[in-house]
Each structure stands twice: as structure tokens, then as C-alpha cells.
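Down below is the structure, laid out as C-alpha cells.
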Amino acid sequence: IDDDATIRYLINEFVEMAGYYPIVAASAEEAIALLEKQRFDVAISDIMLPGMDGLELTALIKKNYDTDVIVITGYSGEYSYEEAVDRGASDFVFKPVRFEELLLRLRRVLKERQMKKELHRLAITDGLTKLCNSRHFYKQLKIETERSARYGHPLSLLMLDIDYFKNYNDTYGHLEGDKVLSAMGRVIRGCLRTMDSAYRYGGEEFTVILPETDSQEAEVVADRIRKVIEKEIFEPKENLTAGITVSIGITEHKAKEELPTLIKRADKAMYESKQKGRNRITVLTAEKSSESENAGISDSNSEFSVKNVMFGFLTHPTQHQIDQIAAIYQLENWWEPTDTCERVARIISGSHCFMVVTVGDEIIGMGRSISDRANDAYIQDVALKKEYRGQGFGTKLVSAIVQRLETDGLKWIGLIAEKNSRNFYTPLGFRNMKKAVPMVKMIV
């Protein structure tokens with residue numbers, strides 16, 4: 001940027017010969033017009049310009065554009081290096097310009113710029129999933145909602161949570177859990193457009209910002225993610241495969257609403273997907289959210305808000321899932337052997353199938369616990385029956401299991417656990433494999 005045509009020509013030729021792609025401007029105003037149209041890494045500007053001078057231009061560029069500035073001056077006494085740097089200049093060159101010096105300074109500025117970009121990328125990126133982190137999410141959501149309001153374009157927000165991830169971690173270990181998180185990041189990235197952005201919101205929870213996308217279009221994106229995730233196959237142990245699913249909530253930004261309100265609504269939509277049985281998508285508009293709040297609907301009153309609901313039956317049943325069915329089967333068969341399969345099958349339908357999983361894991365957990373201490377010290381765990389009854393499940397099987405656990409059922413499970421070296425669920429699962437597999441297949 002120089003009002004002297006000869007200097008413009010010479011610097012342009014030299015920079016081009018060095019392998020860069022320069023564009024020239026004769027004034028600050030002309031330079032600003034170019035900056036509005038395209039992005040530049042570095043601006044090399046003379047201080048003495050007609051109209052707006054080079055220092056004013058430097059301050060304006062640093063304020064409004066992602067561009068570094070190298071200033072050039074032939075008046076060493078009038079402008080100081082310190083003043084140029086204070087205005088935002090990355091470097092300072094005196095006339096007459098030595099092209100070798102200019103090239104060295106240009107390379108240094110570009111190298112520092114690249115390093116800053118890399119540091120910024122590392123600061124906003126989650127190392128495991130390679131998605132942006134939650135800190136950057138809030139900043140970017142603010143930018144996108146403001147842009148949406150300015151241009152009148154829709155904006156949608158997805159909130160995603162891996163189903164039963166805690167139990168996957170507990171069963172297979174955190175290293176295997178990390179593989180799931182990494183795959184989740186890869187799948188989400190592969191399902192988005194360039195203009196979309198995805199974030200690891202925390203733990204196993206993710207969020208996606210979809211600019212210029214209404215809730216119906218967002219549902220298409222969400223379903224694409226859900227289906228791809230559902231097809232992923234993991235091998236947490238040798239000769240053992242497992243799968244995961246995700247619950248997704250969608251909401252669309254409403255004009256002038258606060259960001260916490262938008263995020264809370266997306267989270268609520270995701271939670272509703274959990275309540276409805278997981279591995280599904282829920283769209284929640286601002287109007288629907290307001291109606292549910294006015295109606296006094298409480299998530300905590302839902303039949304599905306069971307403490308630590310265990311593994312769901314995924315596309316690829318795992319050994320642990322088979323063990324859960326086997327645990328219930330064994331207890332039922334021990335208590336009342338007649339017609340067991342039919343009675344188990346009656347409650348394995350729709351949203352109630354997860355109860356089998358929950359109760360199966362509770363039996364397994366109780367068996368392990370009781371084997372570690374005396375039966376008379378186990379009275380505190382019997383209180384679980386109140387929790388089950390309080391949820392209003394209304395199934396004979398659950399009530400019967402809880403009743404039997406109050407009496408000699410606990411002792412029976414404890415004896416089995418001790419007999420099998422306190423590794424209750426694996427021996428039980430293998431022993432009942434032939435009986436359990438048909439039920440698992442029926443569920444899937």
C-alpha cells in the first residue's frame with residue numbers, strides 16, 4: 001500500500017518473485033475496499049498516505065481484520081518503531097527499502113502468524129475427539145447467533161449424548177471409552193458441512209452449531225449422525241463386539257433470546273430423547289418448551305428417570321448384556337421355574353425393555369456386594385425396592401424380584417457369587433448362554 005507507483009511496482013515484483021501473491025493499493029481507502037472482499041495474511045503499508053495515514057490504517061486493520069501489518073517509512077524522526085507497534089504493527093521497515101530485509105521481516109511475520117494460529121487451534125481443540133472444546137463453543141455460538149439475527153437466517157443447535165457411556169467405561173475401561181469418544185468425533189465431523197461446527201461439550205456430551213439451518217433440516221443432519229454412530233462396531237475385548245447409540249436434542253434459535261436459554265432448551269430436548277428410550281431425536285421449539293414449563297412437567301417424575309440405568313440393548317449385543325438377561329432368568333427360574341421365558345418376554349417391549357437391563361445389573365451388583373460382607377449388614381441395599389416401586393413400573397416381574405431380594409434371594413445370589421470366585425456375572429452368563437441368547441435376539 002503506497003501512493004508512489006514506482007515503489008508499489010518494485011515491492012510487488014520482489015514479493016511475487018519470493019513466491020507470494022501480492023495485490024497493490026494506492027491508498028488506505030483502496031486497501032480497506034480490498035480487505036472487505038478477501039482475506040490477506042499481511043499488509044505492507046507506507047505510513048505517509050493521502051487521506052488516512054498508515055498508522056491509522058494499521059489500527060483499523062488490527063481492529064477489524066485478521067491481517068498482520070508491516071509499516072514502511074522514510075521519516076525516521078517523525079514516527080518511531082514504538083508508536084507503530086502500539087498501533088498494532090507487527091514490524092517496521094525504513095526507506096530506502098532493502099528488499100532482502102523486507103523479505104526477512106515478511107517471513108518472520110508469516111512464521112509467527114502460523115505459530116499463533118497453531119497455538120489458537122490447540123487452545124480451542126479437544127485432543128481426543130479433535131472437535132472444538134466447550135470454551136470455544138460459547139464464543140462461536142455468540143458469533144453465530146448474532147450473525148443469524150443480523151441477516152435473518154435460521155440457526156439450529158444439536159445436543160448429543162452417548163447412551164450408557166458411563167457403564168461402557170466401567171465395563172471395558174477408560175481406554176476403550178476413549179476409542180468410542182474418538183470415533184464419535186470422527187463421525188460427527190464426517191456428517192457436517194464446512195460452515196457447521198462441532199464441539200465436545202463435556203464428558204460424553206457433544207454439541208453442533210448449524211448456521212442457516214432450520215429445525216427440520218437439522219433433524220436430517222442429526223439422523224445422519226445417529227445412523228452412522230449406530231453402525232459403528234467396537235471390539236473392547238478379544239472376540240467381543242459392542243456398539244453405541246446416541247440421544248440427540250434439537251432446537252432452533254429464537255430472535256433476541258439469551259444463549260443460556262437456547263442451550264438449556266437443546267439440553268432439555270436431548271434429555272427427552274433419553275426419557276423416550278434413547279437412540280432417538282427430539283425437536284423442541286421455544287413454544288413447546290414454554291408450554292411444558294407452564295404445565296409443570298418435571299423430568300424427575302418420569303418413569304424413565306431410574307438411577308443409573310444400565311446398558312441398553314444395542315445393535316450388537318455384548319457379553320455383558322447377555323449376562324444381564326441370564327441373571328434375571330436365573331433368579332426367576334430359581335424362584336418359580338414354570339413359564340419363565342414367557343413372563344420375561346411380556347415386559348420386553350418398547351420403552352420397558354431397559355428395565356430388564358436395569359434389574360439384571362442390580363442383581364449382579366447385589367451379588368458381588370453381598371459376597372464381600374455379611375448378610376446381616378446388607379439391609380441398606382434392600383431399600384432399593386422402594387426406589388423400584390416408587391417409579392411405578394407396574395410389572396409383576398420387577399415386584400417379584402424385589403420381594404425375593406428382601407428374603408433369601410440375596411443370600412442365594414451371594415452364595416453363587418462366592419462359589420464363582422466373586423466374578424458373578426461372567427460364569428452365570430456363560431452357564432445360561434443357550435437360554436439367554438434367544439431372548440437377546442428377540443429384543444434386538
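Chain labels follow the order of the C-alpha cells: the first chain is A, the next B, and so on; residue numbering restarts at 1 in every chain, and ligands are counted from 1 in their shown order.
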Might you pull out every residue within 12 Å of Glu212 of chain A, with only C-alpha atoms counted and same-chain residues fewer than 2 positions away left off, and present them as a list in words? Glu144, Thr145, Arg147, Ser148, Ala149, Tyr151, Gly152, His153, Pro154, Leu155, Ser156, Leu157, Arg193, Met195, Asp196, Ile209, Leu210, Asp214, Ser215, Gln216, Glu217, Ala218, Glu252 and His253 of chain A
Write out the residues from the selection above, keeping N, CA and C atoms, as a PDB file, in the first residue's frame.
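Ended up saving to selection18.pdb:
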```
ATOM      1  N   GLU A 144     -22.372 -16.781  15.977  1.00  0.00           N
ATOM      2  CA  GLU A 144     -23.344 -17.306  15.016  1.00  0.00           C
ATOM      3  C   GLU A 144     -24.761 -16.799  15.285  1.00  0.00           C
ATOM      4  N   THR A 145     -25.136 -16.646  16.554  1.00  0.00           N
ATOM      5  CA  THR A 145     -26.475 -16.120  16.846  1.00  0.00           C
ATOM      6  C   THR A 145     -26.586 -14.653  16.445  1.00  0.00           C
ATOM      7  N   ARG A 147     -24.888 -13.279  13.982  1.00  0.00           N
ATOM      8  CA  ARG A 147     -24.952 -13.287  12.518  1.00  0.00           C
ATOM      9  C   ARG A 147     -26.343 -13.689  12.047  1.00  0.00           C
ATOM     10  N   SER A 148     -26.939 -14.665  12.743  1.00  0.00           N
ATOM     11  CA  SER A 148     -28.288 -15.108  12.403  1.00  0.00           C
ATOM     12  C   SER A 148     -29.292 -13.972  12.548  1.00  0.00           C
ATOM     13  N   ALA A 149     -29.158 -13.215  13.634  1.00  0.00           N
ATOM     14  CA  ALA A 149     -30.064 -12.085  13.864  1.00  0.00           C
ATOM     15  C   ALA A 149     -29.847 -10.977  12.839  1.00  0.00           C
ATOM     16  N   TYR A 151     -28.695 -11.162   9.676  1.00  0.00           N
ATOM     17  CA  TYR A 151     -29.103 -11.475   8.304  1.00  0.00           C
ATOM     18  C   TYR A 151     -30.461 -12.172   8.215  1.00  0.00           C
ATOM     19  N   GLY A 152     -31.059 -12.478   9.359  1.00  0.00           N
ATOM     20  CA  GLY A 152     -32.371 -13.107   9.349  1.00  0.00           C
ATOM     21  C   GLY A 152     -32.360 -14.565   8.933  1.00  0.00           C
ATOM     22  N   HIS A 153     -31.222 -15.241   9.107  1.00  0.00           N
ATOM     23  CA  HIS A 153     -31.116 -16.650   8.750  1.00  0.00           C
ATOM     24  C   HIS A 153     -31.426 -17.522   9.964  1.00  0.00           C
ATOM     25  N   PRO A 154     -31.991 -18.717   9.749  1.00  0.00           N
ATOM     26  CA  PRO A 154     -32.231 -19.623  10.882  1.00  0.00           C
ATOM     27  C   PRO A 154     -30.918 -20.181  11.425  1.00  0.00           C
ATOM     28  N   LEU A 155     -30.957 -20.644  12.638  1.00  0.00           N
ATOM     29  CA  LEU A 155     -29.794 -21.267  13.282  1.00  0.00           C
ATOM     30  C   LEU A 155     -30.298 -22.364  14.208  1.00  0.00           C
ATOM     31  N   SER A 156     -29.750 -23.551  14.071  1.00  0.00           N
ATOM     32  CA  SER A 156     -30.168 -24.670  14.924  1.00  0.00           C
ATOM     33  C   SER A 156     -29.003 -25.176  15.760  1.00  0.00           C
ATOM     34  N   LEU A 157     -29.346 -25.747  16.901  1.00  0.00           N
ATOM     35  CA  LEU A 157     -28.348 -26.282  17.825  1.00  0.00           C
ATOM     36  C   LEU A 157     -28.692 -27.731  18.150  1.00  0.00           C
ATOM     37  N   ARG A 193     -21.287 -29.995   7.204  1.00  0.00           N
ATOM     38  CA  ARG A 193     -20.799 -29.125   6.137  1.00  0.00           C
ATOM     39  C   ARG A 193     -19.635 -28.291   6.656  1.00  0.00           C
ATOM     40  N   MET A 195     -19.477 -25.102   6.848  1.00  0.00           N
ATOM     41  CA  MET A 195     -19.953 -23.976   7.648  1.00  0.00           C
ATOM     42  C   MET A 195     -20.434 -24.398   9.041  1.00  0.00           C
ATOM     43  N   ASP A 196     -20.672 -25.691   9.250  1.00  0.00           N
ATOM     44  CA  ASP A 196     -21.110 -26.187  10.556  1.00  0.00           C
ATOM     45  C   ASP A 196     -19.907 -26.345  11.486  1.00  0.00           C
ATOM     46  N   ILE A 209     -23.335 -26.672  16.085  1.00  0.00           N
ATOM     47  CA  ILE A 209     -23.974 -25.432  15.642  1.00  0.00           C
ATOM     48  C   ILE A 209     -24.204 -25.526  14.141  1.00  0.00           C
ATOM     49  N   LEU A 210     -25.453 -25.331  13.720  1.00  0.00           N
ATOM     50  CA  LEU A 210     -25.812 -25.432  12.304  1.00  0.00           C
ATOM     51  C   LEU A 210     -26.337 -24.088  11.804  1.00  0.00           C
ATOM     52  N   ASP A 214     -32.804 -24.607   9.587  1.00  0.00           N
ATOM     53  CA  ASP A 214     -33.948 -24.640  10.495  1.00  0.00           C
ATOM     54  C   ASP A 214     -34.025 -26.008  11.169  1.00  0.00           C
ATOM     55  N   SER A 215     -34.990 -26.172  12.060  1.00  0.00           N
ATOM     56  CA  SER A 215     -35.048 -27.398  12.865  1.00  0.00           C
ATOM     57  C   SER A 215     -35.337 -28.642  12.026  1.00  0.00           C
ATOM     58  N   GLN A 216     -36.113 -28.487  10.944  1.00  0.00           N
ATOM     59  CA  GLN A 216     -36.394 -29.637  10.082  1.00  0.00           C
ATOM     60  C   GLN A 216     -35.134 -30.105   9.361  1.00  0.00           C
ATOM     61  N   GLU A 217     -34.369 -29.155   8.844  1.00  0.00           N
ATOM     62  CA  GLU A 217     -33.107 -29.503   8.182  1.00  0.00           C
ATOM     63  C   GLU A 217     -32.111 -30.071   9.192  1.00  0.00           C
ATOM     64  N   ALA A 218     -32.132 -29.519  10.401  1.00  0.00           N
ATOM     65  CA  ALA A 218     -31.236 -30.008  11.454  1.00  0.00           C
ATOM     66  C   ALA A 218     -31.555 -31.453  11.817  1.00  0.00           C
ATOM     67  N   GLU A 252     -34.169 -24.652  17.698  1.00  0.00           N
ATOM     68  CA  GLU A 252     -33.853 -23.562  16.771  1.00  0.00           C
ATOM     69  C   GLU A 252     -33.785 -22.246  17.537  1.00  0.00           C
ATOM     70  N   HIS A 253     -32.805 -21.440  17.192  1.00  0.00           N
ATOM     71  CA  HIS A 253     -32.610 -20.162  17.874  1.00  0.00           C
ATOM     72  C   HIS A 253     -33.786 -19.227  17.619  1.00  0.00           C
TER      73      HIS A 253
END
```
DSSP on the backbone, strand (DSSP E) only: what residues of segment 81-294 of chain A does that give? Format it as a PyMOL selection string. chain A and resi 91-94+132-133+155-162+197-202+205-211+234-237+240-242+246-252+281-283
Just N, CA and C atoms for this one: save the residues we selected as a short mmCIF file (atom, residue, chain, number, x, y, z; two decimals), in the first residue's frame.
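The new file selection-v8.cif reads:
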```
data_model
loop_
_atom_site.label_atom_id
_atom_site.label_comp_id
_atom_site.auth_asym_id
_atom_site.auth_seq_id
_atom_site.Cartn_x
_atom_site.Cartn_y
_atom_site.Cartn_z
N ASP A 91 5.76 -5.27 12.40
CA ASP A 91 7.17 -4.92 12.16
C ASP A 91 7.24 -3.56 11.48
N PHE A 92 8.48 -3.06 11.31
CA PHE A 92 8.72 -1.67 10.89
C PHE A 92 9.96 -1.66 9.99
N VAL A 93 9.87 -1.06 8.79
CA VAL A 93 10.99 -1.01 7.84
C VAL A 93 11.19 0.44 7.39
N PHE A 94 12.47 0.87 7.34
CA PHE A 94 12.77 2.23 6.89
C PHE A 94 13.09 2.26 5.40
N CYS A 132 -13.82 -29.00 18.51
CA CYS A 132 -13.55 -27.83 19.34
C CYS A 132 -14.04 -28.10 20.76
N ASN A 133 -13.46 -27.37 21.72
CA ASN A 133 -13.84 -27.58 23.12
C ASN A 133 -14.98 -26.66 23.53
N LEU A 155 -30.96 -20.64 12.64
CA LEU A 155 -29.79 -21.27 13.28
C LEU A 155 -30.30 -22.36 14.21
N SER A 156 -29.75 -23.55 14.07
CA SER A 156 -30.17 -24.67 14.92
C SER A 156 -29.00 -25.18 15.76
N LEU A 157 -29.35 -25.75 16.90
CA LEU A 157 -28.35 -26.28 17.83
C LEU A 157 -28.69 -27.73 18.15
N LEU A 158 -27.70 -28.62 18.02
CA LEU A 158 -27.87 -30.02 18.40
C LEU A 158 -27.13 -30.28 19.71
N MET A 159 -27.73 -31.07 20.56
CA MET A 159 -27.07 -31.56 21.77
C MET A 159 -27.11 -33.08 21.71
N LEU A 160 -25.94 -33.71 21.79
CA LEU A 160 -25.84 -35.16 21.66
C LEU A 160 -25.19 -35.76 22.90
N ASP A 161 -25.68 -36.93 23.30
CA ASP A 161 -25.10 -37.63 24.45
C ASP A 161 -25.04 -39.13 24.15
N ILE A 162 -23.87 -39.73 24.41
CA ILE A 162 -23.71 -41.16 24.17
C ILE A 162 -24.51 -41.93 25.22
N SER A 197 -20.17 -26.42 12.77
CA SER A 197 -19.08 -26.62 13.73
C SER A 197 -19.55 -27.53 14.87
N ALA A 198 -18.64 -28.41 15.31
CA ALA A 198 -18.97 -29.39 16.35
C ALA A 198 -18.03 -29.23 17.53
N TYR A 199 -18.53 -29.57 18.72
CA TYR A 199 -17.80 -29.33 19.96
C TYR A 199 -18.00 -30.49 20.93
N ARG A 200 -16.94 -30.78 21.67
CA ARG A 200 -17.11 -31.70 22.80
C ARG A 200 -17.52 -30.84 23.99
N TYR A 201 -18.77 -30.98 24.38
CA TYR A 201 -19.34 -30.10 25.39
C TYR A 201 -18.88 -30.49 26.79
N GLY A 202 -18.62 -31.77 26.98
CA GLY A 202 -18.15 -32.24 28.29
C GLY A 202 -18.41 -33.72 28.44
N GLU A 205 -20.78 -35.79 26.15
CA GLU A 205 -21.80 -34.90 25.57
C GLU A 205 -21.17 -34.01 24.51
N PHE A 206 -21.88 -33.85 23.40
CA PHE A 206 -21.38 -33.07 22.27
C PHE A 206 -22.45 -32.08 21.82
N THR A 207 -22.02 -31.05 21.13
CA THR A 207 -22.97 -30.09 20.59
C THR A 207 -22.53 -29.66 19.20
N VAL A 208 -23.51 -29.33 18.36
CA VAL A 208 -23.24 -28.93 16.98
C VAL A 208 -24.02 -27.66 16.66
N ILE A 209 -23.33 -26.67 16.08
CA ILE A 209 -23.97 -25.43 15.64
C ILE A 209 -24.20 -25.53 14.14
N LEU A 210 -25.45 -25.33 13.72
CA LEU A 210 -25.81 -25.43 12.30
C LEU A 210 -26.34 -24.09 11.80
N PRO A 211 -25.47 -23.23 11.24
CA PRO A 211 -25.91 -21.94 10.71
C PRO A 211 -26.80 -22.14 9.47
N PHE A 234 -17.31 -51.73 17.77
CA PHE A 234 -16.10 -51.66 18.58
C PHE A 234 -15.76 -53.06 19.10
N GLU A 235 -14.51 -53.27 19.40
CA GLU A 235 -14.06 -54.55 19.93
C GLU A 235 -13.28 -54.30 21.22
N PRO A 236 -14.02 -54.06 22.32
CA PRO A 236 -13.36 -53.74 23.59
C PRO A 236 -12.55 -54.89 24.17
N LYS A 237 -12.90 -56.11 23.78
CA LYS A 237 -12.15 -57.29 24.22
C LYS A 237 -12.03 -58.24 23.03
N LEU A 240 -15.05 -60.03 21.18
CA LEU A 240 -16.24 -59.40 21.76
C LEU A 240 -16.50 -58.08 21.05
N THR A 241 -17.67 -57.93 20.49
CA THR A 241 -18.01 -56.69 19.81
C THR A 241 -19.07 -55.92 20.60
N ALA A 242 -19.06 -54.63 20.43
CA ALA A 242 -20.03 -53.77 21.13
C ALA A 242 -20.40 -52.62 20.22
N VAL A 246 -26.66 -42.86 20.30
CA VAL A 246 -26.69 -41.51 20.84
C VAL A 246 -28.12 -41.00 20.93
N SER A 247 -28.37 -40.19 21.93
CA SER A 247 -29.64 -39.47 22.06
C SER A 247 -29.37 -38.02 21.68
N ILE A 248 -30.25 -37.45 20.86
CA ILE A 248 -29.99 -36.12 20.30
C ILE A 248 -31.18 -35.20 20.56
N GLY A 249 -30.88 -33.98 20.96
CA GLY A 249 -31.88 -32.94 21.11
C GLY A 249 -31.62 -31.82 20.11
N ILE A 250 -32.69 -31.27 19.55
CA ILE A 250 -32.57 -30.20 18.55
C ILE A 250 -33.45 -29.03 18.97
N THR A 251 -32.92 -27.84 18.81
CA THR A 251 -33.75 -26.64 18.97
C THR A 251 -33.28 -25.57 18.01
N GLU A 252 -34.17 -24.65 17.70
CA GLU A 252 -33.85 -23.56 16.77
C GLU A 252 -33.78 -22.25 17.54
N ILE A 281 -34.19 -38.92 18.35
CA ILE A 281 -34.04 -37.47 18.19
C ILE A 281 -35.31 -36.79 18.68
N THR A 282 -35.16 -35.70 19.42
CA THR A 282 -36.29 -34.89 19.86
C THR A 282 -36.07 -33.45 19.44
N VAL A 283 -37.07 -32.87 18.78
CA VAL A 283 -37.03 -31.46 18.40
C VAL A 283 -37.89 -30.68 19.38
#
```
Top pick for closest residue to Glu146 of chain A, considering A:Met17, A:Ile1, A:Ala255, A:Ala183 and counting only C-alpha atoms: A:Ala255
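The smallest atom-to-atom distance between Phe40 of chain A and any of A:Glu16, A:Glu258, A:Glu100, A:Asp66, using only C-alpha atoms, is found for A:Asp66.
Among the candidates A:Ala89, A:Leu104, A:Leu57, A:Leu284, the one nearest to Ala266 of chain A when counting only C-alpha atoms is A:Leu284.
Atom CA of Thr58 of chain A to atom CA of Gly88 of chain A spans 6.3 Å [interatomic distance, one decimal].
Each of A:Ile188, A:Ala84, A:Val42, A:Ile23 was checked against Leu106 of chain A using only C-alpha atoms; the smallest atom-to-atom distance is that of A:Val42.
For the atom pair formed by atom CA of Val69 of chain A and atom CA of Ala43 of chain A, the distance is 4.7 Å, given to one decimal.
Excluding Asn64 of chain A itself and same-chain residues fewer than 2 positions from it, the residues having an atom within 12 Å of it are Ile32, Leu35, Glu36, Arg39, Leu57, Thr58, Ala59, Leu60, Ile61, Lys62, Asp66, Thr67, Asp68 and Gly88 of chain A, counting only C-alpha atoms.
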